[in-house]
file input_28.tsv (TSV, C-alpha atoms)
chain	number	residue	atom	x	y	z
A	9	MET	CA	-4.16	-23.21	10.60
A	10	GLU	CA	-3.36	-21.02	7.58
A	11	LYS	CA	-5.51	-17.97	7.01
A	12	ILE	CA	-6.44	-16.40	3.71
A	13	ILE	CA	-7.11	-12.71	3.14
A	14	LEU	CA	-10.06	-12.48	0.75
A	15	SER	CA	-12.31	-9.72	-0.48
A	16	THR	CA	-15.21	-10.48	1.84
A	17	ILE	CA	-15.12	-10.42	5.62
A	18	ALA	CA	-16.96	-13.70	5.89
A	19	ALA	CA	-14.15	-15.45	4.07
A	20	LEU	CA	-11.31	-13.76	5.89
A	21	GLY	CA	-10.69	-16.43	8.46
A	22	ILE	CA	-9.65	-13.55	10.70
A	23	ALA	CA	-12.14	-12.18	13.20
A	24	CYS	CA	-12.60	-8.60	14.37
A	25	PHE	CA	-13.21	-8.16	18.08
A	26	ALA	CA	-13.78	-5.24	20.39
A	27	GLY	CA	-11.59	-4.98	23.45
A	28	GLY	CA	-8.09	-6.24	24.12
A	29	THR	CA	-4.76	-4.45	24.41
A	30	ALA	CA	-2.18	-3.79	21.71
A	31	ASP	CA	1.49	-4.60	22.31
A	32	ALA	CA	4.77	-4.17	20.44
A	33	ALA	CA	4.42	-7.45	18.52
A	34	ASN	CA	1.11	-6.46	16.94
A	35	ILE	CA	0.46	-4.44	13.80
A	36	ASN	CA	-0.84	-1.04	14.85
A	37	LEU	CA	-3.18	0.37	12.25
A	38	ASN	CA	-2.40	3.97	11.31
A	39	GLU	CA	-1.94	6.06	8.19
A	40	LYS	CA	1.84	5.89	8.48
A	41	THR	CA	1.90	2.09	8.47
A	42	PHE	CA	-0.76	1.81	5.72
A	43	PRO	CA	-0.65	5.10	3.75
A	44	ASP	CA	-3.06	4.02	1.01
A	45	PRO	CA	-6.63	4.71	2.21
A	46	TYR	CA	-8.06	1.62	0.50
A	47	VAL	CA	-5.51	-0.75	2.02
A	48	TYR	CA	-5.96	1.02	5.37
A	49	HIS	CA	-9.72	0.37	5.43
A	50	TYR	CA	-9.22	-3.15	4.15
A	51	VAL	CA	-6.87	-4.06	7.00
A	52	GLN	CA	-9.08	-2.24	9.51
A	53	GLU	CA	-11.81	-4.81	8.94
A	54	MET	CA	-9.45	-7.48	10.25
A	55	CYS	CA	-8.29	-5.58	13.32
A	56	GLU	CA	-9.18	-5.67	16.97
A	57	TYR	CA	-9.93	-2.45	18.82
A	58	ASP	CA	-7.88	-1.30	21.79
A	59	THR	CA	-10.45	0.55	23.89
A	60	ALA	CA	-7.85	1.95	26.28
A	61	HIS	CA	-5.95	3.74	23.51
A	62	SER	CA	-8.73	4.09	20.92
A	63	THR	CA	-6.64	2.38	18.26
A	64	TYR	CA	-7.00	-0.59	15.95
A	65	TYR	CA	-4.44	-3.37	15.88
A	66	LEU	CA	-3.93	-6.86	14.49
A	67	PRO	CA	-2.59	-9.39	17.03
A	68	GLU	CA	0.71	-11.06	16.21
A	69	ALA	CA	-0.85	-14.53	16.33
A	70	GLU	CA	-3.44	-13.58	13.71
A	71	LYS	CA	-0.89	-11.79	11.52
A	72	ALA	CA	1.47	-14.77	11.50
A	73	GLY	CA	-1.27	-17.07	10.24
A	74	VAL	CA	-1.87	-15.12	7.03
A	75	THR	CA	-0.10	-16.81	4.12
A	76	TYR	CA	-2.36	-15.93	1.14
A	77	PHE	CA	-3.50	-12.53	-0.14
A	78	VAL	CA	-6.41	-12.50	-2.60
A	79	VAL	CA	-7.94	-9.24	-3.82
A	80	THR	CA	-10.94	-9.57	-6.12
A	81	GLY	CA	-12.74	-6.85	-8.03
A	82	LYS	CA	-15.07	-5.62	-5.32
A	83	THR	CA	-12.49	-5.35	-2.56
A	84	PHE	CA	-11.49	-1.69	-2.81
A	85	PHE	CA	-14.66	-0.44	-4.48
A	86	ARG	CA	-16.40	-0.99	-1.13
A	87	TYR	CA	-14.22	1.81	0.19
A	88	GLY	CA	-14.92	4.31	-2.58
A	89	LEU	CA	-12.40	3.40	-5.27
A	90	ASP	CA	-13.95	4.62	-8.51
A	91	GLY	CA	-11.54	3.01	-10.95
A	92	GLY	CA	-8.20	3.81	-12.51
A	93	GLN	CA	-6.23	4.37	-9.30
A	94	ALA	CA	-2.97	2.60	-8.53
A	95	VAL	CA	-3.36	1.05	-5.07
A	96	ASP	CA	-0.21	1.23	-2.92
A	97	PHE	CA	0.30	-1.94	-0.88
A	98	SER	CA	2.78	-0.34	1.52
A	99	GLY	CA	2.30	-1.89	4.95
A	100	MET	CA	1.45	-5.35	3.70
A	101	GLN	CA	5.06	-6.35	4.41
A	102	ASN	CA	3.93	-6.53	8.04
A	103	PHE	CA	2.15	-9.75	7.02
A	104	SER	CA	5.54	-11.37	6.68
A	105	ASN	CA	4.31	-14.91	5.96
A	106	ILE	CA	2.39	-14.14	2.76
A	107	THR	CA	3.71	-16.38	-0.02
A	108	SER	CA	0.84	-16.25	-2.52
A	109	VAL	CA	-0.74	-13.10	-4.04
A	110	THR	CA	-3.68	-12.93	-6.44
A	111	LEU	CA	-4.91	-9.60	-7.85
A	112	ASP	CA	-8.04	-9.27	-9.98
A	113	LEU	CA	-7.90	-5.79	-11.50
A	114	ARG	CA	-11.56	-5.44	-12.33
A	115	TYR	CA	-14.88	-4.64	-10.71
A	116	ASN	CA	-17.49	-7.11	-11.89
A	117	ILE	CA	-21.22	-6.97	-11.12
A	118	GLY	CA	-23.61	-9.55	-12.52
A	119	GLY	CA	-21.04	-10.83	-14.97
A	120	ARG	CA	-20.37	-7.38	-16.41
A	121	VAL	CA	-17.17	-5.42	-15.85
A	122	GLN	CA	-18.03	-2.08	-14.21
A	123	GLY	CA	-14.56	-0.69	-13.63
A	124	ASP	CA	-10.91	-1.48	-13.12
A	125	TRP	CA	-7.97	-0.55	-10.94
A	126	ASN	CA	-4.23	-1.03	-10.88
A	127	PHE	CA	-1.43	-1.24	-8.34
A	128	ARG	CA	1.74	0.66	-7.57
A	129	ALA	CA	4.47	-1.42	-9.17
A	130	ASP	CA	7.77	0.12	-8.07
A	131	ASN	CA	7.46	-1.12	-4.47
A	132	PHE	CA	5.25	-4.17	-4.99
A	133	PHE	CA	7.86	-6.81	-4.18
A	134	GLN	CA	8.97	-4.83	-1.14
A	135	CYS	CA	5.39	-5.04	0.12
A	136	PHE	CA	5.34	-8.80	-0.46
A	137	PRO	CA	8.97	-9.79	0.22
A	138	LYS	CA	8.30	-13.54	0.53
A	139	VAL	CA	5.83	-14.05	-2.31
A	140	LYS	CA	6.39	-17.26	-4.27
A	141	GLU	CA	3.25	-17.35	-6.39
A	142	LEU	CA	1.81	-14.30	-8.19
A	143	VAL	CA	-1.41	-14.22	-10.25
A	144	ILE	CA	-2.69	-11.03	-11.91
A	145	ARG	CA	-5.94	-10.96	-13.89
A	146	SER	CA	-7.08	-7.96	-15.90
A	147	TYR	CA	-10.12	-7.47	-18.13
A	148	GLY	CA	-9.58	-3.77	-18.81
A	149	GLY	CA	-7.04	-1.68	-20.65
A	150	GLN	CA	-4.56	-1.47	-17.77
A	151	LYS	CA	-0.85	-1.18	-18.37
A	152	VAL	CA	0.37	-3.76	-15.87
A	153	LYS	CA	3.98	-3.51	-14.71
A	154	LEU	CA	6.25	-6.04	-13.06
A	155	THR	CA	9.40	-4.29	-11.94
A	156	GLY	CA	11.97	-4.33	-9.17
A	157	THR	CA	13.50	-7.48	-7.71
A	158	SER	CA	12.06	-10.59	-6.10
A	159	LYS	CA	14.38	-13.17	-4.58
A	160	THR	CA	11.54	-15.54	-3.67
A	161	LEU	CA	9.11	-15.54	-6.62
A	162	GLU	CA	8.75	-18.97	-8.26
A	163	SER	CA	5.57	-18.81	-10.37
A	164	VAL	CA	3.99	-15.96	-12.40
A	165	ASP	CA	0.60	-15.82	-14.14
A	166	VAL	CA	-0.45	-12.59	-15.88
A	167	LEU	CA	-3.76	-12.82	-17.73
A	168	LEU	CA	-4.69	-9.72	-19.76
A	169	ASP	CA	-7.96	-10.45	-21.52
A	170	ASP	CA	-8.43	-7.02	-23.11
A	171	GLU	CA	-6.67	-6.12	-26.35
A	172	ASP	CA	-5.89	-2.65	-24.97
A	173	GLY	CA	-4.06	-4.03	-21.94
A	174	SER	CA	-0.32	-4.69	-21.89
A	175	LEU	CA	2.44	-6.00	-19.65
A	176	GLU	CA	5.67	-4.11	-19.09
A	177	CYS	CA	8.00	-6.72	-17.61
A	178	THR	CA	11.34	-5.53	-16.26
A	179	VAL	CA	11.43	-7.49	-13.00
A	180	SER	CA	14.42	-9.52	-11.89
A	181	ALA	CA	13.23	-12.82	-10.43
A	182	PRO	CA	15.93	-15.48	-10.70
A	183	LYS	CA	14.03	-18.21	-8.81
A	184	VAL	CA	11.00	-18.26	-11.12
A	185	LYS	CA	10.53	-21.69	-12.69
A	186	ARG	CA	7.15	-21.17	-14.39
A	187	VAL	CA	5.78	-18.21	-16.37
A	188	CYS	CA	2.34	-17.96	-17.99
A	189	ILE	CA	1.46	-14.71	-19.79
A	190	ASN	CA	-1.68	-14.04	-21.82
A	191	GLY	CA	-1.63	-10.60	-23.41
A	192	LYS	CA	0.47	-8.02	-25.21
A	193	PHE	CA	3.94	-6.96	-24.14
A	194	ALA	CA	4.84	-3.30	-23.81
A	195	ALA	CA	7.78	-2.09	-25.87
A	196	LYS	CA	9.79	-1.31	-22.72
A	197	SER	CA	9.74	-4.92	-21.55
A	198	LYS	CA	13.11	-6.59	-21.05
A	199	PRO	CA	13.95	-9.96	-22.62
A	200	LEU	CA	12.22	-12.66	-20.58
A	201	GLY	CA	15.56	-14.37	-20.10
A	202	LYS	CA	16.71	-11.28	-18.21
A	203	CYS	CA	13.60	-11.24	-16.05
A	204	PHE	CA	13.34	-14.98	-15.44
A	205	PRO	CA	16.74	-16.48	-16.32
A	206	ASN	CA	16.06	-19.86	-14.71
A	207	THR	CA	12.50	-20.51	-15.85
A	208	LYS	CA	11.78	-24.09	-16.91
A	209	ARG	CA	8.31	-23.51	-18.37
A	210	LEU	CA	7.26	-20.52	-20.46
A	211	ASP	CA	3.66	-20.27	-21.75
A	212	ILE	CA	3.00	-17.16	-23.84
A	213	THR	CA	-0.26	-16.26	-25.62
A	214	THR	CA	-0.09	-12.85	-27.26
A	215	ALA	CA	-1.28	-10.87	-30.26
A	216	ASN	CA	2.10	-9.17	-30.69
A	217	ILE	CA	4.40	-12.16	-30.76
A	218	GLN	CA	7.01	-10.02	-32.52
A	219	ASN	CA	7.54	-8.12	-29.26
A	220	VAL	CA	8.28	-11.27	-27.25
A	221	ASN	CA	11.99	-11.54	-26.58
A	222	VAL	CA	13.06	-14.80	-24.96
A	223	THR	CA	16.77	-14.09	-25.18
A	224	GLY	CA	18.55	-15.61	-22.20
A	225	CYS	CA	15.93	-18.24	-21.38
A	226	LYS	CA	17.65	-21.54	-20.65
A	227	ASN	CA	14.78	-23.83	-21.63

call {"tool": "encode", "arguments": {"input": "input_28.tsv", "output": "structure tokens"}}
result
Amino acid sequence: MEKIILSTIAALGIACFAGGTADAANINLNEKTFPDPYVYHYVQEMCEYDTAHSTYYLPEAEKAGVTYFVVTGKTFFRYGLDGGQAVDFSGMQNFSNITSVTLDLRYNIGGRVQGDWNFRADNFFQCFPKVKELVIRSYGGQKVKLTGTSKTLESVDVLLDDEDGSLECTVSAPKVKRVCINGKFAAKSKPLGKCFPNTKRLDITTANIQNVNVTGCKN
């Protein structure tokens, strides 16, 4: 049965138990494995507790069942994130079967946006080395970046619903077949044909169409 990481414990599909014993196949929770404090506390909620060694760990069987990673607005604000920080997903590569990632870069209460956050971009695809589907939603003025290299990514959705937000796209993702982008492009963005040379569907909605460079796109 596939498991989904969501922003609420009740929807995790992964239980937290006391007791048990960690072994080499498990993920051992520590600040070296998960250096970002928000990601650390997030994963801790999924872990079992090794009473003999006073450590938290995630059993291999549970880890292997996680294929989706969904972070909504309230996820990290539960742990004290006050907006604006770039969350580092280092350590998430231990969940080696994740193929779908959704990030909602806002904190919404009662239908009103209360804050926003961002993510560290330079190592993102190293943290999710098998991701095939990526969805990023932003309702603030974040400068979202897609950079680095992904050899597995097949579908990209970036939805920037604030006129102050922008996407800087310099990623190399040759397997992407579908791209949907709603928002402005930063001046440093590369031609989309360089980023996604084999895309078959390109849907772009933007206020600065003059900055959209599709040079190199095959279709």

call {"tool": "closest_residue", "arguments": {"input": "input_28.tsv", "among": "A:Leu167, A:Ala60, A:Leu113, A:Val184", "to": "Lys208 (chain A)", "atoms": "only C-alpha atoms"}}
result
A:Val184

call {"tool": "closest_residue", "arguments": {"input": "input_28.tsv", "among": "A:Ser174, A:Thr80, A:Ser163, A:Thr107", "to": "Thr207 (chain A)", "atoms": "only C-alpha atoms"}}
result
A:Ser163

call {"tool": "atom_distance", "arguments": {"input": "input_28.tsv", "atom1": "CA of Leu142 (chain A)", "atom2": "CA of Phe77 (chain A)"}}
result
9.8 Å

call {"tool": "atom_distance", "arguments": {"input": "input_28.tsv", "atom1": "CA of Leu154 (chain A)", "atom2": "CA of Glu39 (chain A)"}}
result
25.8 Å

call {"tool": "closest_residue", "arguments": {"input": "input_28.tsv", "among": "A:Glu56, A:Asp130, A:Glu141, A:Asp44", "to": "Gln93 (chain A)", "atoms": "all atoms listed in the file"}}
result
A:Asp44

call {"tool": "closest_residue", "arguments": {"input": "input_28.tsv", "among": "A:Arg186, A:Tyr46, A:Asn126, A:Gln134", "to": "Thr157 (chain A)", "atoms": "all atoms listed in the file"}}
result
A:Gln134

call {"tool": "atom_distance", "arguments": {"input": "input_28.tsv", "atom1": "CA of Tyr76 (chain A)", "atom2": "CA of Phe132 (chain A)"}}
result
15.3 Å

call {"tool": "closest_residue", "arguments": {"input": "input_28.tsv", "among": "A:Val95, A:Cys203, A:Leu175, A:Val166", "to": "Ile189 (chain A)", "atoms": "all atoms listed in the file"}}
result
A:Val166

call {"tool": "closest_residue", "arguments": {"input": "input_28.tsv", "among": "A:Gly99, A:Gly201, A:Gly191, A:Pro45", "to": "Gly148 (chain A)", "atoms": "only C-alpha atoms"}}
result
A:Gly191

call {"tool": "residues_near_point", "arguments": {"input": "input_28.tsv", "point": "(-6.8, -8.3, -15.9)", "cutoff": "7 Å", "atoms": "all atoms listed in the file", "output": "MDAnalysis selection string"}}
result
chainID A and resid 112:114 144:148 167:169

call {"tool": "axis_aligned_box", "arguments": {"input": "input_28.tsv", "around": "region 140-158 of chain A", "padding_each_side": "6 Å", "output": "JSON"}}
result
{"center_x": 1.7, "center_y": -9.3, "center_z": -12.5, "size_x": 35.6, "size_y": 28.2, "size_z": 28.4}
